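Engineer: Just one file: my_file_0.txt, with compact mmCIF, C-alpha atoms.
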```
# COMPACT_ATOMS: atom_id res chain seq x y z
CA MET A 1 -33.37 -69.82 -16.32
CA LYS A 2 -34.14 -66.42 -17.87
CA ILE A 3 -32.67 -63.12 -16.70
CA LYS A 4 -33.77 -59.73 -17.97
CA VAL A 5 -30.87 -57.37 -18.71
CA ARG A 6 -31.39 -53.61 -18.98
CA LEU A 7 -28.66 -51.80 -20.86
CA PHE A 8 -27.80 -48.13 -20.55
CA ALA A 9 -26.02 -45.51 -22.68
CA THR A 10 -23.48 -46.92 -25.15
CA LEU A 11 -24.06 -50.52 -24.01
CA ARG A 12 -27.29 -50.29 -26.06
CA ASP A 13 -25.36 -49.96 -29.31
CA GLY A 14 -26.16 -53.02 -31.37
CA ARG A 15 -27.98 -54.69 -28.46
CA GLY A 16 -31.05 -52.55 -27.71
CA LYS A 17 -32.40 -51.30 -24.40
CA GLU A 18 -33.39 -54.63 -22.92
CA VAL A 19 -32.42 -58.21 -23.66
CA GLU A 20 -33.21 -61.55 -22.13
CA VAL A 21 -30.44 -64.01 -21.39
CA GLU A 22 -31.25 -67.67 -21.01
CA ARG A 23 -28.84 -70.23 -19.56
CA GLY A 24 -28.61 -73.31 -17.36
CA GLU A 25 -29.37 -73.47 -13.67
CA SER A 26 -26.76 -71.18 -12.22
CA PHE A 27 -25.13 -68.07 -13.60
CA SER A 28 -23.76 -64.72 -12.52
CA THR A 29 -23.45 -61.23 -13.98
CA LEU A 30 -20.04 -62.24 -15.34
CA ASP A 31 -21.74 -64.92 -17.43
CA ILE A 32 -24.18 -62.34 -18.74
CA LEU A 33 -21.29 -60.13 -19.84
CA GLU A 34 -19.80 -63.08 -21.67
CA GLU A 35 -23.12 -63.87 -23.33
CA LEU A 36 -23.61 -60.25 -24.48
CA LYS A 37 -19.94 -59.87 -25.48
CA ILE A 38 -19.42 -56.98 -23.07
CA ARG A 39 -15.95 -56.63 -21.58
CA ARG A 40 -15.85 -56.23 -17.81
CA GLU A 41 -14.11 -52.85 -18.07
CA GLU A 42 -17.00 -51.56 -20.21
CA VAL A 43 -19.27 -51.75 -17.15
CA ALA A 44 -18.85 -49.32 -14.25
CA LEU A 45 -22.08 -49.73 -12.36
CA PHE A 46 -24.39 -52.67 -12.38
CA LEU A 47 -27.50 -53.40 -10.42
CA ILE A 48 -29.31 -56.58 -9.54
CA ASN A 49 -33.01 -55.81 -9.04
CA GLY A 50 -32.22 -52.12 -8.73
CA ARG A 51 -29.52 -52.44 -6.03
CA ASP A 52 -25.78 -52.47 -6.55
CA GLY A 53 -24.49 -56.03 -6.68
CA SER A 54 -21.36 -58.08 -7.15
CA PHE A 55 -20.22 -59.61 -10.43
CA GLU A 56 -20.05 -63.02 -8.81
CA THR A 57 -23.55 -63.06 -7.23
CA GLN A 58 -25.51 -66.07 -8.47
CA LEU A 59 -28.70 -64.88 -10.13
CA SER A 60 -32.20 -66.29 -9.70
CA GLU A 61 -35.05 -66.69 -12.15
CA GLY A 62 -36.80 -63.36 -12.68
CA ASP A 63 -33.85 -61.21 -11.59
CA VAL A 64 -33.30 -57.97 -13.49
CA VAL A 65 -29.72 -56.90 -14.10
CA SER A 66 -28.93 -53.31 -15.16
CA LEU A 67 -25.57 -52.42 -16.72
CA PHE A 68 -24.12 -48.89 -16.99
CA PRO A 69 -20.86 -47.89 -18.69
CA PRO A 70 -18.34 -45.60 -16.93
CA VAL A 71 -18.87 -41.86 -17.34
CA GLY A 72 -15.75 -39.97 -16.35
CA GLY A 73 -15.37 -36.74 -18.34
CA GLY A 74 -15.52 -33.19 -17.11
CA MET B 1 -30.03 -6.80 0.09
CA GLU B 2 -28.19 -6.04 -3.14
CA ASN B 3 -30.40 -5.76 -6.23
CA ARG B 4 -28.36 -8.43 -7.98
CA TYR B 5 -29.68 -11.04 -5.54
CA ARG B 6 -33.32 -9.88 -5.59
CA LYS B 7 -34.38 -12.64 -8.02
CA ASN B 8 -32.90 -15.27 -5.68
CA MET B 9 -35.50 -14.16 -3.13
CA LYS B 10 -38.54 -16.28 -2.31
CA MET B 11 -36.69 -19.50 -3.14
CA LEU B 12 -33.97 -18.37 -0.73
CA SER B 13 -34.58 -16.31 2.39
CA GLU B 14 -32.72 -13.09 3.01
CA ALA B 15 -30.83 -14.85 5.81
CA GLU B 16 -29.79 -17.61 3.40
CA ILE B 17 -28.59 -15.10 0.82
CA GLU B 18 -26.53 -13.47 3.59
CA LYS B 19 -25.21 -16.87 4.64
CA LEU B 20 -23.99 -17.68 1.12
CA LYS B 21 -21.71 -14.63 1.26
CA GLY B 22 -19.72 -16.34 4.01
CA CYS B 23 -19.50 -19.75 2.27
CA LYS B 24 -16.39 -21.25 0.69
CA VAL B 25 -16.68 -23.76 -2.15
CA CYS B 26 -13.74 -25.43 -3.88
CA VAL B 27 -14.28 -26.29 -7.56
CA VAL B 28 -11.71 -28.81 -8.74
CA GLY B 29 -11.41 -28.56 -12.52
CA CYS B 30 -12.28 -25.43 -14.52
CA GLY B 31 -13.11 -27.08 -17.85
CA GLY B 32 -16.49 -28.17 -19.20
CA LEU B 33 -18.21 -28.76 -15.86
CA GLY B 34 -16.12 -26.42 -13.72
CA GLY B 35 -16.65 -23.35 -15.92
CA TYR B 36 -20.42 -23.58 -15.56
CA VAL B 37 -20.23 -24.53 -11.88
CA ILE B 38 -18.17 -21.42 -11.09
CA GLU B 39 -20.49 -19.19 -13.14
CA LEU B 40 -23.60 -20.51 -11.38
CA LEU B 41 -22.09 -20.39 -7.87
CA GLY B 42 -20.82 -16.86 -8.51
CA ARG B 43 -24.19 -15.59 -9.71
CA LEU B 44 -25.87 -17.18 -6.67
CA GLY B 45 -23.53 -15.15 -4.50
CA VAL B 46 -21.33 -17.81 -2.90
CA GLY B 47 -18.73 -15.62 -1.17
CA GLN B 48 -15.53 -17.49 -1.98
CA ILE B 49 -14.88 -19.90 -4.81
CA THR B 50 -11.52 -21.61 -5.05
CA ALA B 51 -10.92 -22.51 -8.71
CA VAL B 52 -8.35 -25.30 -9.17
CA ASP B 53 -6.91 -26.17 -12.59
CA GLY B 54 -3.36 -26.51 -13.84
CA ASP B 55 -4.30 -26.38 -17.54
CA VAL B 56 -4.53 -23.66 -20.15
CA PHE B 57 -7.29 -23.35 -22.76
CA ASP B 58 -6.84 -24.77 -26.24
CA GLU B 59 -9.04 -24.70 -29.34
CA THR B 60 -10.62 -28.08 -28.63
CA ASN B 61 -12.20 -26.55 -25.49
CA LEU B 62 -14.22 -23.98 -27.47
CA ASN B 63 -17.13 -26.33 -28.26
CA ARG B 64 -18.22 -26.60 -24.63
CA GLN B 65 -16.16 -24.79 -22.01
CA LEU B 66 -17.99 -21.64 -20.94
CA LEU B 67 -14.83 -19.85 -19.81
CA SER B 68 -13.08 -20.37 -23.15
CA ASP B 69 -13.15 -17.95 -26.09
CA VAL B 70 -10.71 -17.05 -28.85
CA ASN B 71 -9.00 -14.47 -26.64
CA VAL B 72 -8.00 -16.86 -23.86
CA ILE B 73 -6.43 -19.69 -25.88
CA GLY B 74 -3.17 -20.51 -24.08
CA LYS B 75 -4.29 -18.75 -20.87
CA SER B 76 -4.81 -20.41 -17.48
CA LYS B 77 -8.30 -21.80 -16.91
CA ALA B 78 -8.25 -20.98 -13.18
CA GLU B 79 -7.06 -17.41 -13.78
CA THR B 80 -9.68 -16.94 -16.52
CA ALA B 81 -12.37 -18.03 -14.05
CA LYS B 82 -11.27 -15.27 -11.71
CA ASN B 83 -11.24 -12.64 -14.48
CA ARG B 84 -14.67 -13.70 -15.71
CA MET B 85 -16.27 -13.55 -12.27
CA GLN B 86 -14.80 -10.09 -11.64
CA GLN B 87 -16.97 -8.97 -14.58
CA VAL B 88 -20.04 -11.01 -13.54
CA ASN B 89 -20.08 -10.54 -9.77
CA PRO B 90 -17.35 -8.41 -8.19
CA LEU B 91 -18.96 -8.95 -4.76
CA ILE B 92 -17.54 -12.46 -4.58
CA GLN B 93 -13.97 -13.65 -4.59
CA VAL B 94 -12.50 -16.29 -6.88
CA VAL B 95 -9.15 -17.64 -5.71
CA PRO B 96 -7.39 -19.26 -8.68
CA LEU B 97 -4.99 -22.12 -8.00
CA ILE B 98 -2.99 -22.95 -11.11
CA LEU B 99 -2.00 -26.50 -10.23
CA ARG B 100 -3.13 -30.08 -10.47
CA LEU B 101 -4.65 -31.66 -7.38
CA THR B 102 -2.52 -34.50 -5.97
CA PRO B 103 -2.75 -36.60 -2.80
CA GLU B 104 0.24 -34.55 -1.55
CA ASN B 105 -1.10 -31.01 -2.07
CA GLY B 106 -4.79 -31.91 -1.78
CA ARG B 107 -5.28 -31.66 1.94
CA GLU B 108 -3.89 -28.16 2.31
CA LEU B 109 -5.71 -27.01 -0.78
CA LEU B 110 -9.17 -28.30 0.19
CA GLU B 111 -9.11 -27.64 3.94
CA GLY B 112 -11.55 -25.01 5.22
CA HIS B 113 -14.11 -25.30 2.42
CA ASP B 114 -17.79 -25.97 3.10
CA VAL B 115 -18.28 -28.08 -0.03
CA ILE B 116 -15.97 -29.54 -2.68
CA VAL B 117 -17.17 -29.86 -6.28
CA ASP B 118 -15.81 -32.66 -8.45
CA ALA B 119 -15.48 -31.20 -11.95
CA VAL B 120 -12.35 -33.09 -13.02
CA ASP B 121 -11.90 -35.06 -16.23
CA ASN B 122 -10.51 -38.39 -15.08
CA ILE B 123 -11.48 -41.18 -12.73
CA ASP B 124 -8.18 -41.39 -10.80
CA THR B 125 -8.41 -37.81 -9.59
CA ARG B 126 -12.06 -38.31 -8.63
CA LEU B 127 -11.11 -41.23 -6.39
CA GLN B 128 -8.31 -39.15 -4.83
CA LEU B 129 -10.77 -36.34 -4.28
CA GLN B 130 -13.17 -38.69 -2.50
CA ASP B 131 -10.34 -39.81 -0.15
CA LEU B 132 -9.30 -36.23 0.59
CA ALA B 133 -12.85 -34.97 1.15
CA GLU B 134 -13.54 -37.87 3.47
CA HIS B 135 -10.34 -37.25 5.42
CA LEU B 136 -11.25 -33.58 5.86
CA GLY B 137 -14.90 -34.30 6.67
CA ILE B 138 -16.21 -32.19 3.77
CA PRO B 139 -19.14 -33.18 1.50
CA LEU B 140 -18.27 -33.77 -2.16
CA VAL B 141 -20.62 -33.11 -5.06
CA HIS B 142 -19.69 -35.45 -7.90
CA GLY B 143 -20.50 -34.86 -11.56
CA ALA B 144 -19.22 -36.55 -14.71
CA ILE B 145 -20.09 -36.39 -18.40
CA ALA B 146 -19.61 -38.36 -21.62
CA GLY B 147 -21.34 -37.44 -24.86
CA TRP B 148 -25.12 -37.57 -24.32
CA TYR B 149 -24.67 -39.00 -20.82
CA GLY B 150 -23.94 -37.68 -17.37
CA GLN B 151 -24.19 -38.49 -13.69
CA VAL B 152 -24.45 -36.59 -10.42
CA ALA B 153 -24.21 -37.68 -6.78
CA THR B 154 -23.57 -36.05 -3.41
CA ILE B 155 -21.10 -37.92 -1.25
CA PHE B 156 -20.66 -37.48 2.49
CA PRO B 157 -17.59 -38.66 4.39
CA GLY B 158 -17.92 -42.43 4.85
CA ASP B 159 -20.34 -42.95 1.94
CA ARG B 160 -17.55 -44.09 -0.46
CA LEU B 161 -19.99 -43.98 -3.35
CA LEU B 162 -17.33 -43.62 -6.06
CA ASP B 163 -15.87 -46.99 -5.03
CA THR B 164 -19.05 -48.59 -6.35
CA LEU B 165 -19.56 -46.19 -9.24
CA TYR B 166 -16.09 -46.87 -10.61
CA ALA B 167 -15.68 -50.38 -9.30
CA GLY B 168 -13.95 -51.39 -12.55
CA LYS B 169 -11.17 -48.86 -11.78
CA GLN B 170 -11.20 -47.69 -15.39
CA ALA B 171 -8.83 -44.81 -16.15
CA LYS B 172 -11.32 -43.14 -18.48
CA GLY B 173 -14.99 -43.60 -19.29
CA ILE B 174 -16.93 -43.63 -22.54
CA GLU B 175 -16.12 -39.93 -23.01
CA GLN B 176 -12.90 -41.17 -24.57
CA ASP B 177 -14.88 -42.35 -27.60
CA LEU B 178 -17.80 -39.94 -27.45
CA GLY B 179 -16.18 -36.62 -26.54
CA ASN B 180 -18.38 -33.98 -24.92
CA PRO B 181 -20.83 -31.56 -26.58
CA SER B 182 -21.95 -28.11 -25.40
CA PHE B 183 -25.12 -29.07 -23.53
CA THR B 184 -24.15 -32.03 -21.32
CA PRO B 185 -21.67 -30.09 -19.15
CA ALA B 186 -24.19 -27.25 -18.74
CA MET B 187 -26.86 -29.67 -17.55
CA VAL B 188 -24.70 -31.71 -15.19
CA ALA B 189 -23.07 -28.56 -13.76
CA SER B 190 -26.53 -27.07 -13.07
CA ILE B 191 -27.59 -30.14 -11.11
CA GLU B 192 -24.28 -30.15 -9.22
CA VAL B 193 -24.82 -26.52 -8.20
CA SER B 194 -28.35 -27.24 -7.00
CA GLU B 195 -26.82 -29.89 -4.73
CA VAL B 196 -24.16 -27.45 -3.47
CA LEU B 197 -26.82 -24.85 -2.68
CA LYS B 198 -28.91 -27.33 -0.68
CA LEU B 199 -25.79 -28.37 1.27
CA LEU B 200 -24.98 -24.72 2.02
CA VAL B 201 -28.47 -23.69 3.16
CA GLY B 202 -29.18 -27.04 4.83
CA ARG B 203 -32.55 -27.84 3.28
CA GLY B 204 -33.94 -29.78 0.36
CA GLU B 205 -33.40 -33.39 -0.66
CA LEU B 206 -29.93 -34.44 -1.74
CA LEU B 207 -28.75 -37.15 -4.13
CA ARG B 208 -27.10 -38.86 -1.18
CA LYS B 209 -26.45 -42.60 -1.52
CA LYS B 210 -28.06 -42.17 -4.90
CA VAL B 211 -26.81 -41.51 -8.39
CA LEU B 212 -28.73 -39.56 -10.98
CA TYR B 213 -27.84 -41.16 -14.32
CA ILE B 214 -28.78 -38.89 -17.23
CA ASP B 215 -29.30 -40.09 -20.80
CA LEU B 216 -30.08 -37.14 -23.05
CA PHE B 217 -30.14 -39.34 -26.16
CA SER B 218 -33.13 -41.36 -24.92
CA GLN B 219 -34.32 -38.65 -22.48
CA GLU B 220 -34.12 -41.03 -19.55
CA TYR B 221 -33.31 -39.92 -16.03
CA ASN B 222 -32.71 -42.66 -13.49
CA VAL B 223 -32.14 -42.05 -9.79
CA ILE B 224 -30.43 -45.19 -8.56
CA GLU B 225 -30.36 -46.06 -4.87
CA MET B 226 -26.88 -47.16 -3.84
CA GLY B 227 -26.19 -49.47 -0.91
CA GLY B 228 -27.38 -48.91 2.66
```
For this file, write the structure as structure tokens.
Structural biologist:
Amino acid sequence: MKIKVRLFATLRDGRGKEVEVERGESFSTLDILEELKIRREEVALFLINGRDGSFETQLSEGDVVSLFPPVGGG
Amino acid sequence: MENRYRKNMKMLSEAEIEKLKGCKVCVVGCGGLGGYVIELLGRLGVGQITAVDGDVFDETNLNRQLLSDVNVIGKSKAETAKNRMQQVNPLIQVVPLILRLTPENGRELLEGHDVIVDAVDNIDTRLQLQDLAEHLGIPLVHGAIAGWYGQVATIFPGDRLLDTLYAGKQAKGIEQDLGNPSFTPAMVASIEVSEVLKLLVGRGELLRKKVLYIDLFSQEYNVIEMGG
């Protein structure tokens, strides 16, 4: 199963804007983080097909996951 | 109408310009974002701005904080906001509060405002601000910056948008590594003020249940629909 992952801001460093992650039958956003070597605390907002999702949601073929890092300065 | 507001005409009606004179906006944080927010609200003619910040200026603020210059190093940010706006627009009132917002003092401090502006520099205080604004039934305009990046959202009581935006409960964001340049706070503050103005005059489309995520490095602007 292939999932398209869109990366934003500093998560692009060394990875690019968009990557494809391929794995077995069933995987979640947490597995994607592991695959891309992104720590959970590096992600503030993430979307599954453009809507906010949960880290544990099982993904389906063709899903697009978007990952954004936390922005907190003022 | 005063001459100083003449160029606000056409996009705002005379009645709206009059209405702004009676509005009260609380700006929490008078640093990178807050300095610009206060300047822009003051020039628009928002009648009362409460400027909350317990800090004083230091040299590391000079690269980006509009209210800072070599003469105010060591001086209160909130007090400096008041002094600056006396020069820019003496028709409005800036009430400086030299303290840090806490869950204990927050309610009293924020009560009675039409809109609250989030211009703070850490995630904890933002989440507290969301709780307090919700409790008081006041809309909150959220803005945050980090290096080339920024985000803006308008949050109504019950929306709880920051719970999703900072679901990881991080203490700080990527600004810790990136710092903040001169232009990102100016941009994010401008968009925050456009949201405040629409809330005050009651027209226009808001970034409600949406986040505008700004990437000035790649020149990408994403409006993300959140929940609901």
Engineer: Please identify every residue of chain B that has at least one atom no farther than 10 Å from an atom of chain A, counting only C-alpha atoms, and for each give the shortest atom pair and the distance in Å to one decimal, arranged by chain then increasing number, as a Markdown table.
Structural biologist:
```
| residue | atom | partner | partner_atom | distance |
| --- | --- | --- | --- | --- |
| B:Gly29 | CA | A:Gly74 | CA | 7.7 |
| B:Cys30 | CA | A:Gly74 | CA | 8.8 |
| B:Gly31 | CA | A:Gly74 | CA | 6.6 |
| B:Gly32 | CA | A:Gly74 | CA | 5.5 |
| B:Leu33 | CA | A:Gly74 | CA | 5.3 |
| B:Gly34 | CA | A:Gly74 | CA | 7.6 |
| B:Gly35 | CA | A:Gly74 | CA | 10.0 |
| B:Gln65 | CA | A:Gly74 | CA | 9.7 |
| B:Asp118 | CA | A:Gly74 | CA | 8.7 |
| B:Ala119 | CA | A:Gly74 | CA | 5.5 |
| B:Val120 | CA | A:Gly74 | CA | 5.2 |
| B:Asp121 | CA | A:Gly74 | CA | 4.2 |
| B:Asn122 | CA | A:Gly72 | CA | 5.6 |
| B:Ile123 | CA | A:Gly72 | CA | 5.7 |
| B:Asp124 | CA | A:Gly72 | CA | 9.5 |
| B:Arg126 | CA | A:Gly72 | CA | 8.7 |
| B:Gly143 | CA | A:Gly74 | CA | 7.6 |
| B:Ala144 | CA | A:Gly72 | CA | 5.1 |
| B:Ile145 | CA | A:Gly73 | CA | 4.7 |
| B:Ala146 | CA | A:Val71 | CA | 5.6 |
| B:Gly147 | CA | A:Gly73 | CA | 8.9 |
| B:Trp148 | CA | A:Ala9 | CA | 8.2 |
| B:Tyr149 | CA | A:Ala9 | CA | 6.9 |
| B:Gly150 | CA | A:Val71 | CA | 6.6 |
| B:Gln151 | CA | A:Val71 | CA | 7.3 |
| B:Leu162 | CA | A:Leu45 | CA | 10.0 |
| B:Asp163 | CA | A:Ala44 | CA | 10.0 |
| B:Thr164 | CA | A:Leu45 | CA | 6.8 |
| B:Leu165 | CA | A:Leu45 | CA | 5.3 |
| B:Tyr166 | CA | A:Ala44 | CA | 5.2 |
| B:Ala167 | CA | A:Ala44 | CA | 6.0 |
| B:Gly168 | CA | A:Ala44 | CA | 5.6 |
| B:Lys169 | CA | A:Glu41 | CA | 8.0 |
| B:Gln170 | CA | A:Glu41 | CA | 6.5 |
| B:Ala171 | CA | A:Gly72 | CA | 8.4 |
| B:Lys172 | CA | A:Gly72 | CA | 5.8 |
| B:Gly173 | CA | A:Pro70 | CA | 4.6 |
| B:Ile174 | CA | A:Val71 | CA | 5.8 |
| B:Glu175 | CA | A:Gly73 | CA | 5.7 |
| B:Gln176 | CA | A:Gly73 | CA | 8.0 |
| B:Leu178 | CA | A:Thr10 | CA | 9.3 |
| B:Gly179 | CA | A:Gly73 | CA | 8.2 |
| B:Asn180 | CA | A:Gly73 | CA | 7.7 |
| B:Thr184 | CA | A:Gly74 | CA | 9.7 |
| B:Pro185 | CA | A:Gly74 | CA | 7.2 |
| B:Val188 | CA | A:Gly74 | CA | 9.5 |
| B:Ala189 | CA | A:Gly74 | CA | 9.5 |
| B:Tyr213 | CA | A:Phe68 | CA | 9.0 |
| B:Ile214 | CA | A:Ala9 | CA | 9.0 |
| B:Asp215 | CA | A:Ala9 | CA | 6.6 |
| B:Leu216 | CA | A:Ala9 | CA | 9.3 |
| B:Phe217 | CA | A:Ala9 | CA | 8.2 |
| B:Ser218 | CA | A:Ala9 | CA | 8.5 |
| B:Glu220 | CA | A:Phe8 | CA | 9.6 |
| B:Ile224 | CA | A:Gly50 | CA | 7.2 |
| B:Glu225 | CA | A:Arg51 | CA | 6.5 |
| B:Met226 | CA | A:Asp52 | CA | 6.1 |
| B:Gly227 | CA | A:Asp52 | CA | 6.4 |
| B:Gly228 | CA | A:Arg51 | CA | 9.6 |
```
Engineer: Show me, as a list in words, the residues that have an atom within 8 Å of segment 73-83 of chain B when counting only C-alpha atoms, minus same-chain residues fewer than 5 positions from it.
Structural biologist: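 My list of contacting residues is Cys30, Gly31, Gly35, Ile38, Ala51, Val52, Asp53, Gly54, Asp55, Val56, Phe57, Asp58, Glu59, Leu67, Ser68, Gln93, Val94, Val95, Pro96, Leu97 and Ile98 of chain B.
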Engineer: Hey, can you check how far atom CA of Leu132 of chain B sits from atom CA of Val223 of chain B?
Structural biologist: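 That distance, rounded to one decimal, is 25.8 Å.
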Engineer: Considering all atoms listed in the file, return as a PyMOL selection string whatever protein or nucleic-acid residues lie within 8 Å of Asp63 of chain A, sequence-local ones (same chain, fewer than 4 positions apart) excluded.
Structural biologist: chain A and resi 3-4+48-49+59
Engineer: If you measure from atom CA of Pro90 of chain B to atom CA of Glu108 of chain B, what distance in Å do you get, rounded to one decimal?
Structural biologist: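 Interatomic distance, atom CA of Pro90 of chain B to atom CA of Glu108 of chain B: 26.1 Å.
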Engineer: Interatomic distance between atom CA of Leu12 of chain B and atom CA of Glu195 of chain B?
Structural biologist: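 Taking atom CA of Leu12 of chain B as the start and atom CA of Glu195 of chain B as the end point, the length is 14.1 Å.
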Engineer: Around the point (-34.5, -68.7, -19.1) (coordinates from the file), which residues reach within 7 Å if we count all atoms listed in the file? Answer as a short mmCIF file (atom, residue, chain, number, x, y, z; two decimals) with C-alpha atoms, keeping the file's coordinate frame.
Structural biologist:
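The new file selection-v7.cif reads:
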```cif
data_model
loop_
_atom_site.label_atom_id
_atom_site.label_comp_id
_atom_site.auth_asym_id
_atom_site.auth_seq_id
_atom_site.Cartn_x
_atom_site.Cartn_y
_atom_site.Cartn_z
CA MET A 1 -33.37 -69.82 -16.32
CA LYS A 2 -34.14 -66.42 -17.87
CA ILE A 3 -32.67 -63.12 -16.70
CA VAL A 21 -30.44 -64.01 -21.39
CA GLU A 22 -31.25 -67.67 -21.01
CA ARG A 23 -28.84 -70.23 -19.56
#
```
